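Below is start38.cif, holding mmCIF, C-alpha atoms (C1' of nucleotides).
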data_protein
#
loop_
_atom_site.label_atom_id
_atom_site.label_comp_id
_atom_site.auth_asym_id
_atom_site.auth_seq_id
_atom_site.Cartn_x
_atom_site.Cartn_y
_atom_site.Cartn_z
CA MET R 1 56.27 34.35 -13.21
CA SER R 2 53.10 33.27 -15.04
CA ALA R 3 52.47 30.61 -17.64
CA ALA R 4 52.38 33.28 -20.34
CA THR R 5 55.85 34.42 -19.34
CA LEU R 6 57.09 30.85 -19.14
CA ALA R 7 55.93 29.70 -22.57
CA PRO R 8 58.54 31.63 -24.64
CA MET R 9 61.27 30.31 -22.37
CA PHE R 10 60.09 26.74 -22.91
CA ALA R 11 59.80 27.30 -26.63
CA ALA R 12 63.44 28.41 -26.56
CA LEU R 13 64.46 25.33 -24.57
CA ALA R 14 62.45 22.90 -26.70
CA ASP R 15 64.96 22.79 -29.55
CA GLU R 16 67.79 20.24 -29.48
CA THR R 17 70.11 22.44 -31.50
CA ARG R 18 69.68 25.26 -29.01
CA TRP R 19 70.65 22.89 -26.20
CA SER R 20 73.75 21.98 -28.18
CA ILE R 21 74.56 25.66 -28.43
CA LEU R 22 73.92 26.26 -24.74
CA THR R 23 76.05 23.26 -23.81
CA ALA R 24 78.88 24.49 -26.03
CA LEU R 25 78.63 27.96 -24.52
CA GLY R 26 78.72 26.35 -21.10
CA GLU R 27 82.32 25.37 -21.90
CA GLY R 28 83.19 28.96 -22.72
CA ASP R 29 82.06 32.03 -24.60
CA ALA R 30 81.97 31.69 -28.39
CA SER R 31 80.82 33.48 -31.52
CA ALA R 32 78.26 32.22 -34.02
CA SER R 33 81.03 31.45 -36.50
CA ALA R 34 83.02 29.49 -33.93
CA LEU R 35 79.94 27.48 -32.97
CA ALA R 36 79.21 26.76 -36.61
CA GLN R 37 82.58 25.02 -36.92
CA THR R 38 81.61 22.61 -34.16
CA LEU R 39 77.89 22.04 -34.72
CA PRO R 40 76.41 20.48 -37.88
CA VAL R 41 74.38 23.55 -38.83
CA SER R 42 75.12 26.73 -40.70
CA ARG R 43 76.29 29.93 -39.07
CA GLN R 44 73.09 31.71 -39.99
CA ALA R 45 70.99 29.04 -38.33
CA ILE R 46 73.09 29.40 -35.18
CA ALA R 47 72.76 33.17 -35.33
CA LYS R 48 68.97 32.79 -35.36
CA HIS R 49 69.10 30.43 -32.40
CA LEU R 50 71.32 32.85 -30.50
CA ALA R 51 68.80 35.62 -31.16
CA VAL R 52 66.05 33.45 -29.70
CA LEU R 53 68.16 32.59 -26.68
CA GLN R 54 69.06 36.24 -26.16
CA GLU R 55 65.39 37.18 -26.37
CA VAL R 56 64.56 35.06 -23.33
CA GLY R 57 67.68 36.11 -21.47
CA LEU R 58 69.63 32.86 -21.62
CA VAL R 59 72.64 34.39 -23.36
CA GLU R 60 74.16 37.84 -23.78
CA PRO R 61 76.32 39.18 -26.62
CA LEU R 62 79.82 40.53 -26.00
CA ARG R 63 81.62 42.45 -28.72
CA VAL R 64 85.29 41.44 -28.91
CA GLY R 65 86.93 43.29 -31.74
CA ARG R 66 84.88 42.61 -34.83
CA GLU R 67 83.36 39.41 -33.55
CA VAL R 68 80.38 38.95 -31.27
CA ARG R 69 80.84 36.33 -28.58
CA PHE R 70 77.96 34.97 -26.57
CA ARG R 71 77.87 34.05 -22.92
CA VAL R 72 75.36 31.84 -21.13
CA ILE R 73 73.46 33.28 -18.18
CA GLY R 74 72.10 30.94 -15.51
CA ALA R 75 69.89 33.40 -13.65
CA GLU R 76 66.86 33.12 -15.95
CA LEU R 77 67.15 29.36 -15.94
CA SER R 78 67.17 29.24 -12.16
CA ALA R 79 64.21 31.63 -11.98
CA THR R 80 62.29 29.42 -14.40
CA ALA R 81 63.21 26.38 -12.32
CA ALA R 82 61.85 28.04 -9.19
CA ALA R 83 58.56 28.84 -10.93
CA LEU R 84 58.26 25.29 -12.26
CA ASP R 85 58.96 23.76 -8.88
CA GLU R 86 56.31 25.93 -7.28
CA ILE R 87 53.70 24.85 -9.84
CA GLY R 88 54.61 21.19 -9.46
CA ARG R 89 54.35 21.37 -5.70
CA THR R 90 50.96 23.07 -5.95
CA TRP R 91 49.63 20.21 -8.06
CA ASP R 92 50.94 17.60 -5.66
CA ARG R 93 49.58 19.48 -2.66
CA ARG R 94 46.13 19.26 -4.21
CA LEU R 95 46.48 15.52 -4.70
CA ALA R 96 47.73 15.09 -1.15
CA ALA R 97 44.73 17.03 0.17
CA ILE R 98 42.32 14.86 -1.82
CA LYS R 99 44.00 11.72 -0.61
CA GLU R 100 43.82 12.94 2.96
CA ILE R 101 40.10 13.62 2.66
CA ALA R 102 39.54 10.19 1.11
CA GLU R 103 41.34 8.50 3.97
CA GLY R 104 39.43 10.57 6.49
CA LEU R 105 36.08 9.07 5.43
CA MET P 106 68.48 14.17 -16.32
CA SER P 107 70.23 15.14 -19.56
CA ALA P 108 69.41 17.74 -22.17
CA ALA P 109 68.05 15.01 -24.45
CA THR P 110 65.57 14.02 -21.73
CA LEU P 111 64.68 17.62 -21.04
CA ALA P 112 63.87 18.68 -24.61
CA PRO P 113 60.62 16.66 -25.00
CA MET P 114 59.42 18.00 -21.65
CA PHE P 115 60.01 21.58 -22.78
CA ALA P 116 58.41 20.88 -26.12
CA ALA P 117 55.35 19.72 -24.18
CA LEU P 118 55.41 22.86 -22.02
CA ALA P 119 55.98 25.24 -24.94
CA ASP P 120 52.37 25.18 -26.10
CA GLU P 121 49.89 27.70 -24.66
CA THR P 122 46.93 25.41 -25.13
CA ARG P 123 48.64 22.70 -23.13
CA TRP P 124 49.22 25.16 -20.32
CA SER P 125 45.51 25.96 -20.41
CA ILE P 126 44.81 22.27 -20.10
CA LEU P 127 47.29 21.84 -17.27
CA THR P 128 45.86 24.85 -15.46
CA ALA P 129 42.34 23.50 -15.85
CA LEU P 130 43.43 20.10 -14.58
CA GLY P 131 45.08 21.84 -11.66
CA GLU P 132 41.57 22.75 -10.50
CA GLY P 133 40.49 19.12 -10.65
CA ASP P 134 40.57 15.98 -12.77
CA ALA P 135 38.67 16.17 -16.05
CA SER P 136 38.06 14.25 -19.27
CA ALA P 137 38.92 15.45 -22.77
CA SER P 138 35.24 16.09 -23.46
CA ALA P 139 34.82 18.13 -20.29
CA LEU P 140 37.89 20.21 -21.12
CA ALA P 141 36.60 20.80 -24.64
CA GLN P 142 33.51 22.49 -23.20
CA THR P 143 35.72 25.03 -21.43
CA LEU P 144 38.59 25.59 -23.86
CA PRO P 145 38.16 27.03 -27.38
CA VAL P 146 39.48 23.93 -29.15
CA SER P 147 37.95 20.66 -30.25
CA ARG P 148 37.89 17.53 -28.14
CA GLN P 149 40.23 15.74 -30.54
CA ALA P 150 42.79 18.51 -30.31
CA ILE P 151 42.66 18.27 -26.53
CA ALA P 152 42.99 14.50 -26.70
CA LYS P 153 46.17 14.93 -28.72
CA HIS P 154 47.54 17.39 -26.19
CA LEU P 155 46.72 15.03 -23.35
CA ALA P 156 48.60 12.26 -25.14
CA VAL P 157 51.64 14.53 -25.38
CA LEU P 158 51.38 15.48 -21.73
CA GLN P 159 51.00 11.86 -20.72
CA GLU P 160 54.04 10.94 -22.79
CA VAL P 161 56.28 13.20 -20.68
CA GLY P 162 54.59 12.17 -17.43
CA LEU P 163 52.77 15.40 -16.64
CA VAL P 164 49.33 13.77 -16.52
CA GLU P 165 47.93 10.30 -16.01
CA PRO P 166 44.64 8.80 -17.27
CA LEU P 167 42.00 7.46 -14.88
CA ARG P 168 39.12 5.40 -16.23
CA VAL P 169 35.87 6.37 -14.52
CA GLY P 170 33.05 4.38 -16.02
CA ARG P 171 33.14 4.97 -19.74
CA GLU P 172 35.02 8.23 -19.52
CA VAL P 173 38.74 8.82 -19.14
CA ARG P 174 39.68 11.53 -16.67
CA PHE P 175 43.14 13.01 -16.49
CA ARG P 176 45.09 14.08 -13.44
CA VAL P 177 48.10 16.39 -13.27
CA ILE P 178 51.28 15.08 -11.69
CA GLY P 179 53.76 17.54 -10.19
CA ALA P 180 56.66 15.15 -9.67
CA GLU P 181 58.04 15.35 -13.20
CA LEU P 182 57.75 19.10 -13.15
CA SER P 183 59.67 19.34 -9.91
CA ALA P 184 62.34 16.95 -11.22
CA THR P 185 62.70 19.07 -14.33
CA ALA P 186 62.94 22.17 -12.17
CA ALA P 187 65.74 20.61 -10.14
CA ALA P 188 67.66 19.72 -13.29
CA LEU P 189 67.21 23.23 -14.68
CA ASP P 190 68.35 24.86 -11.48
CA GLU P 191 71.46 22.70 -11.41
CA ILE P 192 72.35 23.64 -14.98
CA GLY P 193 71.76 27.34 -14.31
CA ARG P 194 73.94 27.25 -11.23
CA THR P 195 76.70 25.48 -13.14
CA TRP P 196 76.75 28.24 -15.71
CA ASP P 197 76.89 30.95 -13.12
CA ARG P 198 79.59 29.11 -11.17
CA ARG P 199 81.75 29.18 -14.28
CA LEU P 200 81.21 32.93 -14.67
CA ALA P 201 82.00 33.51 -11.02
CA ALA P 202 85.24 31.54 -11.36
CA ILE P 203 86.28 33.54 -14.39
CA LYS P 204 85.53 36.77 -12.63
CA GLU P 205 87.55 35.66 -9.63
CA ILE P 206 90.56 34.86 -11.79
CA ALA P 207 90.25 38.22 -13.52
CA GLU P 208 90.24 40.06 -10.23
CA GLY P 209 93.15 38.01 -8.98
CA LEU P 210 95.50 39.34 -11.67
"C1'" DG U 211 17.74 -3.75 -26.96
"C1'" DC U 212 18.10 1.32 -28.26
"C1'" DT U 213 19.89 5.48 -27.72
"C1'" DA U 214 22.95 8.99 -25.62
"C1'" DT U 215 27.31 10.19 -24.87
"C1'" DG U 216 32.37 9.61 -24.54
"C1'" DT U 217 36.51 7.79 -27.05
"C1'" DG U 218 39.50 6.37 -30.66
"C1'" DC U 219 41.28 6.53 -35.33
"C1'" DA U 220 42.34 8.52 -39.86
"C1'" DA U 221 42.90 11.99 -43.25
"C1'" DC U 222 43.26 16.75 -44.38
"C1'" DT U 223 44.69 21.78 -44.12
"C1'" DC U 224 47.72 25.35 -42.66
"C1'" DT U 225 50.93 27.95 -40.27
"C1'" DG U 226 55.38 28.54 -37.70
"C1'" DG U 227 59.89 27.61 -37.34
"C1'" DA U 228 64.34 25.31 -38.55
"C1'" DG U 229 67.70 25.23 -42.00
"C1'" DA U 230 70.10 26.55 -46.18
"C1'" DT U 231 71.81 29.82 -49.76
"C1'" DG U 232 73.25 34.13 -51.57
"C1'" DC U 233 74.69 38.63 -51.11
"C1'" DA U 234 75.95 42.97 -48.80
"C1'" DT U 235 78.55 45.18 -45.23
"C1'" DA U 236 82.04 46.11 -41.78
"C1'" DA U 237 86.32 45.72 -39.46
"C1'" DG U 238 91.08 43.55 -38.33
"C1'" DG U 239 95.84 42.15 -40.34
"C1'" DG U 240 99.54 42.32 -43.52
"C1'" DC M 241 95.36 50.07 -49.05
"C1'" DC M 242 93.79 45.42 -50.02
"C1'" DC M 243 92.33 41.06 -48.50
"C1'" DT M 244 90.47 38.15 -45.26
"C1'" DT M 245 87.10 37.07 -42.06
"C1'" DA M 246 82.89 37.91 -39.17
"C1'" DT M 247 78.44 39.55 -39.12
"C1'" DG M 248 73.77 41.05 -40.84
"C1'" DC M 249 69.79 40.79 -43.86
"C1'" DA M 250 66.52 38.80 -47.11
"C1'" DT M 251 64.51 34.95 -49.36
"C1'" DC M 252 63.47 30.22 -50.21
"C1'" DT M 253 62.33 25.34 -49.04
"C1'" DC M 254 60.67 21.88 -46.08
"C1'" DC M 255 58.54 19.53 -42.35
"C1'" DA M 256 56.57 18.90 -37.72
"C1'" DG M 257 52.76 19.90 -35.20
"C1'" DA M 258 48.28 22.28 -34.03
"C1'" DG M 259 43.66 22.16 -35.34
"C1'" DT M 260 39.65 20.54 -37.79
"C1'" DT M 261 36.20 17.30 -39.68
"C1'" DG M 262 34.16 12.87 -40.30
"C1'" DC M 263 33.34 8.34 -39.01
"C1'" DA M 264 33.57 4.04 -36.29
"C1'" DC M 265 33.30 1.90 -31.78
"C1'" DA M 266 32.16 1.12 -27.05
"C1'" DT M 267 29.46 1.65 -22.99
"C1'" DA M 268 26.22 3.59 -19.37
"C1'" DG M 269 21.22 4.62 -18.85
"C1'" DC M 270 16.37 4.00 -19.92
#
Represent the supplied structure as structure tokens.
Amino acid sequence: MSAATLAPMFAALADETRWSILTALGEGDASASALAQTLPVSRQAIAKHLAVLQEVGLVEPLRVGREVRFRVIGAELSATAAALDEIGRTWDRRLAAIKEIAEGL
Amino acid sequence: MSAATLAPMFAALADETRWSILTALGEGDASASALAQTLPVSRQAIAKHLAVLQEVGLVEPLRVGREVRFRVIGAELSATAAALDEIGRTWDRRLAAIKEIAEGL
DNA sequence: GCTATGTGCAACTCTGGAGATGCATAAGGG
DNA sequence: CCCTTATGCATCTCCAGAGTTGCACATAGC
């Protein structure tokens, strides 16, 4: 997973309202209308956020009768976490190597 | 680490130019002026980005003579990764539990 | 001391995205 | 069959942030 692949995911996670939505969905599947009754934003705004979240694979739509419920998916989040951890460790490995060389003088 | 703490970090990571900066710094410490000679943006723009990155703890400034070099720090990234992974697993645990109940009927 | 170069600060433009509003459409429930 | 409710689409406003330019300041090197 490259930085170019990661950027859209981070853009999706950068919005507070989207975290509110994800947190709410973490309690159970819900439709845009249902979320709008809880969160202080309009249904249309939530629908847009859900589209963004679906785009990066964080949620998936489920048709239940005439409503569309959304479900959170943890897999993409875990995959992103793994990529982030790897990058962070790489940076710190470099610093450790430099420090080791410095001490070796 | 809560969602409120995570959001600024993701906002910092959502920008492509900042990833370019982080990648460049991953190769070795550098000043804003040095980075400006490599990347297709002005020094001031890079300085702003570095300020953002420093704010979330991804880089730290190092005065070397009259220039200010920046160094990437992996710790915050790894901590963020751990938080993300935990959240992702929580979501999937919930789904697994639901599925189990459904099959138990 | 003078000059080069590296930084810092301030103001400006401009685009993307978040949010709202209005309307059209579709599908349950009585 | 009608009404209610959920969704979809288009348009508008507004603001944060990315980027630039210009200038002032500080400091290493000669």
Dump as a list of chain:residue names the residues of chain R that approach chain M to within 9 Å, counting all atoms listed in the file. R:Ala32, R:Ser33, R:Arg66, R:Glu67, R:Val68
Serialized selection, C-alpha atoms, as a short mmCIF file (atom, residue, chain, number, x, y, z; two decimals), keeping the file's coordinate frame:
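Contents of selection31.cif, freshly written:
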data_model
loop_
_atom_site.label_atom_id
_atom_site.label_comp_id
_atom_site.auth_asym_id
_atom_site.auth_seq_id
_atom_site.Cartn_x
_atom_site.Cartn_y
_atom_site.Cartn_z
CA ALA R 32 78.26 32.22 -34.02
CA SER R 33 81.03 31.45 -36.50
CA ARG R 66 84.88 42.61 -34.83
CA GLU R 67 83.36 39.41 -33.55
CA VAL R 68 80.38 38.95 -31.27
#
Could you give me, as a tab-separated table, a per-residue list for chain R showing, wherever an atom lies at most 7 Å from an atom of chain P, the closest pair of atoms and their distance in Å to one decimal, using all atoms listed in the file and sorting by chain then residue number from low to high?
residue	atom	partner	partner_atom	distance
R:Ala3	CA	P:Trp124	CA	6.9
R:Ala7	CA	P:Ala119	CA	5.1
R:Pro8	CA	P:Ala119	CA	6.9
R:Phe10	CA	P:Ala119	CA	4.8
R:Ala11	CA	P:Ala119	CA	4.7
R:Leu13	CA	P:Phe115	CA	6.1
R:Ala14	CA	P:Ala116	CA	4.6
R:Asp15	CA	P:Ala112	CA	6.5
R:Glu16	CA	P:Ala112	CA	6.4
R:Trp19	CA	P:Ala108	CA	6.7
R:Gly26	CA	P:Trp196	CA	6.0
R:Val72	CA	P:Trp196	CA	6.7
R:Ile73	CA	P:Trp196	CA	6.5
R:Gly74	CA	P:Gly193	CA	3.8
R:Ala75	CA	P:Gly193	CA	6.4
R:Leu77	CA	P:Gly193	CA	5.3
R:Ser78	CA	P:Asp190	CA	4.6
R:Ala81	CA	P:Ala186	CA	4.2
R:Ala82	CA	P:Ala186	CA	6.7
R:Leu84	CA	P:Ala186	CA	5.6
R:Asp85	CA	P:Ser183	CA	4.6
R:Gly88	CA	P:Gly179	CA	3.8
R:Arg89	CA	P:Gly179	CA	5.9
R:Trp91	CA	P:Gly179	CA	5.4
R:Asp92	CA	P:Gly179	CA	5.3
Could you produce a table of the residues of chain U lying within 10 Å of chain R, with the nearest pair of atoms per residue and their separation in Å rounded to one decimal, using only C-alpha atoms (C1' of nucleotides), ordered by chain and increasing residue number, as JSON lines?
{"residue": "U:DA228", "atom": "C1'", "partner": "R:Ala45", "partner_atom": "CA", "distance": 7.6}
{"residue": "U:DG229", "atom": "C1'", "partner": "R:Ala45", "partner_atom": "CA", "distance": 6.2}
{"residue": "U:DA230", "atom": "C1'", "partner": "R:Ser42", "partner_atom": "CA", "distance": 7.4}
{"residue": "U:DA236", "atom": "C1'", "partner": "R:Arg66", "partner_atom": "CA", "distance": 8.3}
{"residue": "U:DA237", "atom": "C1'", "partner": "R:Arg66", "partner_atom": "CA", "distance": 5.8}
{"residue": "U:DG238", "atom": "C1'", "partner": "R:Arg66", "partner_atom": "CA", "distance": 7.2}
So the first atom is atom CA of P:Arg123 and the second is atom C1' of U:DA220; what is the distance between them in Å, to one decimal place?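 Going from atom CA of P:Arg123 over to atom C1' of U:DA220, I get 22.8 Å.
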Given identical sequences, can you show me chain R least-squares superposed on chain P via all its Cα atoms in order, as an mmCIF file with C-alpha atoms, in the coordinates of the input?
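Output saved as superposed.cif:
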data_model
loop_
_atom_site.group_PDB
_atom_site.id
_atom_site.type_symbol
_atom_site.label_atom_id
_atom_site.label_comp_id
_atom_site.auth_asym_id
_atom_site.auth_seq_id
_atom_site.Cartn_x
_atom_site.Cartn_y
_atom_site.Cartn_z
ATOM 1 C CA MET R 1 68.556 13.999 -16.366
ATOM 2 C CA SER R 2 70.297 15.019 -19.605
ATOM 3 C CA ALA R 3 69.447 17.600 -22.221
ATOM 4 C CA ALA R 4 68.155 14.853 -24.504
ATOM 5 C CA THR R 5 65.727 13.750 -21.815
ATOM 6 C CA LEU R 6 64.725 17.327 -21.092
ATOM 7 C CA ALA R 7 63.917 18.374 -24.653
ATOM 8 C CA PRO R 8 60.636 16.391 -25.012
ATOM 9 C CA MET R 9 59.468 17.782 -21.689
ATOM 10 C CA PHE R 10 60.148 21.333 -22.856
ATOM 11 C CA ALA R 11 58.468 20.664 -26.168
ATOM 12 C CA ALA R 12 55.411 19.565 -24.186
ATOM 13 C CA LEU R 13 55.534 22.704 -22.036
ATOM 14 C CA ALA R 14 56.111 25.066 -24.963
ATOM 15 C CA ASP R 15 52.483 25.099 -26.093
ATOM 16 C CA GLU R 16 50.069 27.656 -24.627
ATOM 17 C CA THR R 17 47.066 25.404 -25.088
ATOM 18 C CA ARG R 18 48.766 22.656 -23.113
ATOM 19 C CA TRP R 19 49.368 25.109 -20.271
ATOM 20 C CA SER R 20 45.678 25.968 -20.372
ATOM 21 C CA ILE R 21 44.905 22.284 -20.068
ATOM 22 C CA LEU R 22 47.379 21.790 -17.236
ATOM 23 C CA THR R 23 46.004 24.821 -15.412
ATOM 24 C CA ALA R 24 42.449 23.533 -15.803
ATOM 25 C CA LEU R 25 43.493 20.108 -14.554
ATOM 26 C CA GLY R 26 45.174 21.817 -11.629
ATOM 27 C CA GLU R 27 41.670 22.781 -10.465
ATOM 28 C CA GLY R 28 40.548 19.171 -10.619
ATOM 29 C CA ASP R 29 40.576 16.045 -12.732
ATOM 30 C CA ALA R 30 38.677 16.274 -16.023
ATOM 31 C CA SER R 31 38.055 14.392 -19.246
ATOM 32 C CA ALA R 32 38.925 15.573 -22.745
ATOM 33 C CA SER R 33 35.259 16.276 -23.441
ATOM 34 C CA ALA R 34 34.870 18.315 -20.262
ATOM 35 C CA LEU R 35 37.973 20.345 -21.098
ATOM 36 C CA ALA R 36 36.694 20.957 -24.603
ATOM 37 C CA GLN R 37 33.632 22.695 -23.160
ATOM 38 C CA THR R 38 35.864 25.182 -21.371
ATOM 39 C CA LEU R 39 38.742 25.727 -23.799
ATOM 40 C CA PRO R 40 38.342 27.191 -27.307
ATOM 41 C CA VAL R 41 39.622 24.091 -29.094
ATOM 42 C CA SER R 42 38.060 20.859 -30.223
ATOM 43 C CA ARG R 43 37.950 17.711 -28.140
ATOM 44 C CA GLN R 44 40.228 15.897 -30.544
ATOM 45 C CA ALA R 45 42.850 18.610 -30.289
ATOM 46 C CA ILE R 46 42.699 18.346 -26.498
ATOM 47 C CA ALA R 47 42.953 14.573 -26.700
ATOM 48 C CA LYS R 48 46.169 14.943 -28.707
ATOM 49 C CA HIS R 49 47.566 17.389 -26.174
ATOM 50 C CA LEU R 50 46.691 15.030 -23.334
ATOM 51 C CA ALA R 51 48.536 12.236 -25.137
ATOM 52 C CA VAL R 52 51.615 14.441 -25.377
ATOM 53 C CA LEU R 53 51.373 15.394 -21.724
ATOM 54 C CA GLN R 54 50.923 11.762 -20.717
ATOM 55 C CA GLU R 55 53.960 10.808 -22.781
ATOM 56 C CA VAL R 56 56.222 13.014 -20.673
ATOM 57 C CA GLY R 57 54.539 12.025 -17.435
ATOM 58 C CA LEU R 58 52.752 15.274 -16.633
ATOM 59 C CA VAL R 59 49.297 13.701 -16.513
ATOM 60 C CA GLU R 60 47.826 10.243 -15.991
ATOM 61 C CA PRO R 61 44.522 8.826 -17.256
ATOM 62 C CA LEU R 62 41.873 7.503 -14.871
ATOM 63 C CA ARG R 63 38.947 5.508 -16.207
ATOM 64 C CA VAL R 64 35.700 6.521 -14.486
ATOM 65 C CA GLY R 65 32.852 4.593 -16.000
ATOM 66 C CA ARG R 66 32.987 5.178 -19.722
ATOM 67 C CA GLU R 67 34.909 8.411 -19.504
ATOM 68 C CA VAL R 68 38.633 8.930 -19.120
ATOM 69 C CA ARG R 69 39.605 11.628 -16.652
ATOM 70 C CA PHE R 70 43.092 13.040 -16.470
ATOM 71 C CA ARG R 71 45.055 14.065 -13.425
ATOM 72 C CA VAL R 72 48.100 16.321 -13.260
ATOM 73 C CA ILE R 73 51.276 14.963 -11.693
ATOM 74 C CA GLY R 74 53.795 17.376 -10.182
ATOM 75 C CA ALA R 75 56.682 14.966 -9.680
ATOM 76 C CA GLU R 76 58.070 15.173 -13.227
ATOM 77 C CA LEU R 77 57.778 18.932 -13.165
ATOM 78 C CA SER R 78 59.725 19.162 -9.931
ATOM 79 C CA ALA R 79 62.378 16.771 -11.256
ATOM 80 C CA THR R 80 62.730 18.906 -14.378
ATOM 81 C CA ALA R 81 62.986 22.007 -12.203
ATOM 82 C CA ALA R 82 65.797 20.436 -10.195
ATOM 83 C CA ALA R 83 67.713 19.578 -13.371
ATOM 84 C CA LEU R 84 67.230 23.087 -14.755
ATOM 85 C CA ASP R 85 68.370 24.717 -11.545
ATOM 86 C CA GLU R 86 71.494 22.588 -11.502
ATOM 87 C CA ILE R 87 72.378 23.587 -15.073
ATOM 88 C CA GLY R 88 71.750 27.259 -14.370
ATOM 89 C CA ARG R 89 73.930 27.188 -11.291
ATOM 90 C CA THR R 90 76.717 25.474 -13.224
ATOM 91 C CA TRP R 91 76.718 28.268 -15.791
ATOM 92 C CA ASP R 92 76.813 30.950 -13.129
ATOM 93 C CA ARG R 93 79.559 29.155 -11.227
ATOM 94 C CA ARG R 94 81.697 29.322 -14.350
ATOM 95 C CA LEU R 95 81.093 33.047 -14.684
ATOM 96 C CA ALA R 96 81.867 33.582 -11.014
ATOM 97 C CA ALA R 97 85.141 31.675 -11.398
ATOM 98 C CA ILE R 98 86.135 33.781 -14.407
ATOM 99 C CA LYS R 99 85.288 36.958 -12.581
ATOM 100 C CA GLU R 100 87.315 35.842 -9.596
ATOM 101 C CA ILE R 101 90.345 35.146 -11.770
ATOM 102 C CA ALA R 102 89.972 38.528 -13.473
ATOM 103 C CA GLU R 103 89.899 40.304 -10.139
ATOM 104 C CA GLY R 104 92.869 38.304 -8.928
ATOM 105 C CA LEU R 105 95.158 39.765 -11.615
#
For atom CA of R:Asp29 and atom CA of R:Val64, the interatomic separation in Å (one decimal): 10.8 Å
Please indicate the distance in Å from atom CA of P:Phe175 to atom CA of P:Ala129, rounded to one decimal place.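 Interatomic distance here is 10.5 Å.
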Write stretch 6-20 of chain R as a PDB file, keeping the file's coordinate frame, completed to N, CA and C atoms.
ATOM      1  N   LEU R   6      56.299  32.070 -19.074  1.00  0.00           N
ATOM      2  CA  LEU R   6      57.090  30.850 -19.140  1.00  0.00           C
ATOM      3  C   LEU R   6      57.129  30.268 -20.545  1.00  0.00           C
ATOM      4  N   ALA R   7      56.039  30.356 -21.265  1.00  0.00           N
ATOM      5  CA  ALA R   7      55.930  29.700 -22.570  1.00  0.00           C
ATOM      6  C   ALA R   7      57.073  30.035 -23.532  1.00  0.00           C
ATOM      7  N   PRO R   8      57.432  31.318 -23.722  1.00  0.00           N
ATOM      8  CA  PRO R   8      58.540  31.630 -24.640  1.00  0.00           C
ATOM      9  C   PRO R   8      59.852  30.977 -24.188  1.00  0.00           C
ATOM     10  N   MET R   9      60.067  30.947 -22.887  1.00  0.00           N
ATOM     11  CA  MET R   9      61.270  30.310 -22.370  1.00  0.00           C
ATOM     12  C   MET R   9      61.291  28.823 -22.741  1.00  0.00           C
ATOM     13  N   PHE R  10      60.157  28.157 -22.581  1.00  0.00           N
ATOM     14  CA  PHE R  10      60.090  26.740 -22.910  1.00  0.00           C
ATOM     15  C   PHE R  10      60.229  26.518 -24.408  1.00  0.00           C
ATOM     16  N   ALA R  11      59.656  27.412 -25.174  1.00  0.00           N
ATOM     17  CA  ALA R  11      59.800  27.300 -26.630  1.00  0.00           C
ATOM     18  C   ALA R  11      61.276  27.385 -26.992  1.00  0.00           C
ATOM     19  N   ALA R  12      62.007  28.266 -26.297  1.00  0.00           N
ATOM     20  CA  ALA R  12      63.440  28.410 -26.560  1.00  0.00           C
ATOM     21  C   ALA R  12      64.193  27.139 -26.164  1.00  0.00           C
ATOM     22  N   LEU R  13      63.758  26.513 -25.089  1.00  0.00           N
ATOM     23  CA  LEU R  13      64.460  25.330 -24.570  1.00  0.00           C
ATOM     24  C   LEU R  13      64.013  24.039 -25.248  1.00  0.00           C
ATOM     25  N   ALA R  14      63.016  24.118 -26.094  1.00  0.00           N
ATOM     26  CA  ALA R  14      62.450  22.900 -26.700  1.00  0.00           C
ATOM     27  C   ALA R  14      63.272  22.379 -27.862  1.00  0.00           C
ATOM     28  N   ASP R  15      64.189  23.186 -28.367  1.00  0.00           N
ATOM     29  CA  ASP R  15      64.960  22.790 -29.550  1.00  0.00           C
ATOM     30  C   ASP R  15      66.304  22.145 -29.175  1.00  0.00           C
ATOM     31  N   GLU R  16      66.556  20.993 -29.771  1.00  0.00           N
ATOM     32  CA  GLU R  16      67.790  20.240 -29.480  1.00  0.00           C
ATOM     33  C   GLU R  16      69.033  21.025 -29.876  1.00  0.00           C
ATOM     34  N   THR R  17      68.958  21.673 -31.027  1.00  0.00           N
ATOM     35  CA  THR R  17      70.110  22.440 -31.500  1.00  0.00           C
ATOM     36  C   THR R  17      70.456  23.557 -30.524  1.00  0.00           C
ATOM     37  N   ARG R  18      69.417  24.184 -29.973  1.00  0.00           N
ATOM     38  CA  ARG R  18      69.680  25.260 -29.010  1.00  0.00           C
ATOM     39  C   ARG R  18      70.356  24.715 -27.760  1.00  0.00           C
ATOM     40  N   TRP R  19      69.976  23.497 -27.359  1.00  0.00           N
ATOM     41  CA  TRP R  19      70.650  22.890 -26.200  1.00  0.00           C
ATOM     42  C   TRP R  19      72.109  22.617 -26.527  1.00  0.00           C
ATOM     43  N   SER R  20      72.363  22.212 -27.757  1.00  0.00           N
ATOM     44  CA  SER R  20      73.750  21.980 -28.180  1.00  0.00           C
ATOM     45  C   SER R  20      74.538  23.279 -28.067  1.00  0.00           C
TER      46      SER R  20
END
